[in-house]
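Have a look at the structure below, then the notes.
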Amino acid sequence: RATSSRTDSAMHAAMTKTATVTMAMTRMPANTKRADARRVRASAVHRNEVDVELDRRSMLLASAFAASTTLGGAQNALAAVDVGSKAPEFTLPGTAGDSVTLSDALKANDYVVLYFYNQDGSPGCSIEAQRFESAIPQFTAKKARVLGVSMDSLEKHEEFCDSKGLKSFTLLSDNDGRVSEAYGADLKIPIFGRFSDRQTFLIKNDGTIVNHWLERDSSMASVKTTAHVDQILAAIEAA
């Protein structure tokens with residue numbers, strides 16, 4: 001009987017609390033209820049956007065890892081373009097009407113920093129690009145040209161540059177993915193499609209790859225701070 005009494009009391013308390021909240025909401029002005037509903041919807045949309053970005057990022061990293069451990073897959077491509085090998089030649093259209101041929105860029109500079117990234121406008125890629133933008137004077141002082149590559153269209157690149165204030169270096173459009181594939185930075189992901197893998201190559205003016213960083217194996221320092229940019233600058237200094 002004691003247990004039954006305690007249960008009845010708990011249920012009564014819960015029902016009383018629910019009734020109180022319901023009455024309070026009933027008395028709430030209509031405009032307040034509408035505002036609360038909008039806040040709930042906005043919060044749900046924000047959570048959904050965050051979840052989508054996290055899911056997309058997780059899929060990218062999982063696919064990159066799977067590709068790197070599959071025999072006959074990206075591992076063979078990566079072995080062909082790693083430190084000490086010649087960087088594959090290419091010509092790609094770039095922002096501000098700047099078509100770039102790698103050999104020409106190397107003739108005009110001591111180094112080319114060639115970085116592949118996933119997608120224009122994503123949070124991580126936006127921060128990464130802005131870190132490079134802020135460090136362009138330091139790269140220029142070391143006679144190093146920064147080139148960013150993804151599979152986005154040139155139009156999307158231009159929009160990305162405008163929205164993120166990228167004015168000091170060129171983004172190249174590898175729309176068919178051939179250059180990304182040649183460098184072992186090609187990802188094909190179910191549902192999401194095809195992307196460039198986040199990797200950075202430091203190429204000397206004789207065409208030799210002298211450093212190579214990958215996000216997937218943690219050799220690349222964080223792109224969300226200045227760590228990766230500092231990592232590249234230190235490598236140029238040490239070369």
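Chain identifiers are assigned as A, B, and so on, following the order in which chains appear in the structure tokens; residues are numbered from 1 within each chain, and ligands are numbered from 1 in order of appearance.
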*Would you list, as a PyMOL selection string, the residues of range 96-214 of chain A that end up in strand (DSSP E) under DSSP run on this structure's backbone?*
chain A and resi 100-101+111-116+144-150+170-173+186-189+193-196+199-204+209-214
Of A:His228, A:Ser122, A:Asp98, A:Phe169, the one sitting nearest Thr140 in chain A when using only C-alpha atoms is A:Phe169
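You will find CA of Asn175 in chain A at 14.3 Å from CA of Val100 in chain A.
Distances here use only C-alpha atoms; by that measure, the residue among A:Lys107, A:Lys167, A:Lys156, A:Lys204 closest to Ile136 in chain A is A:Lys167.
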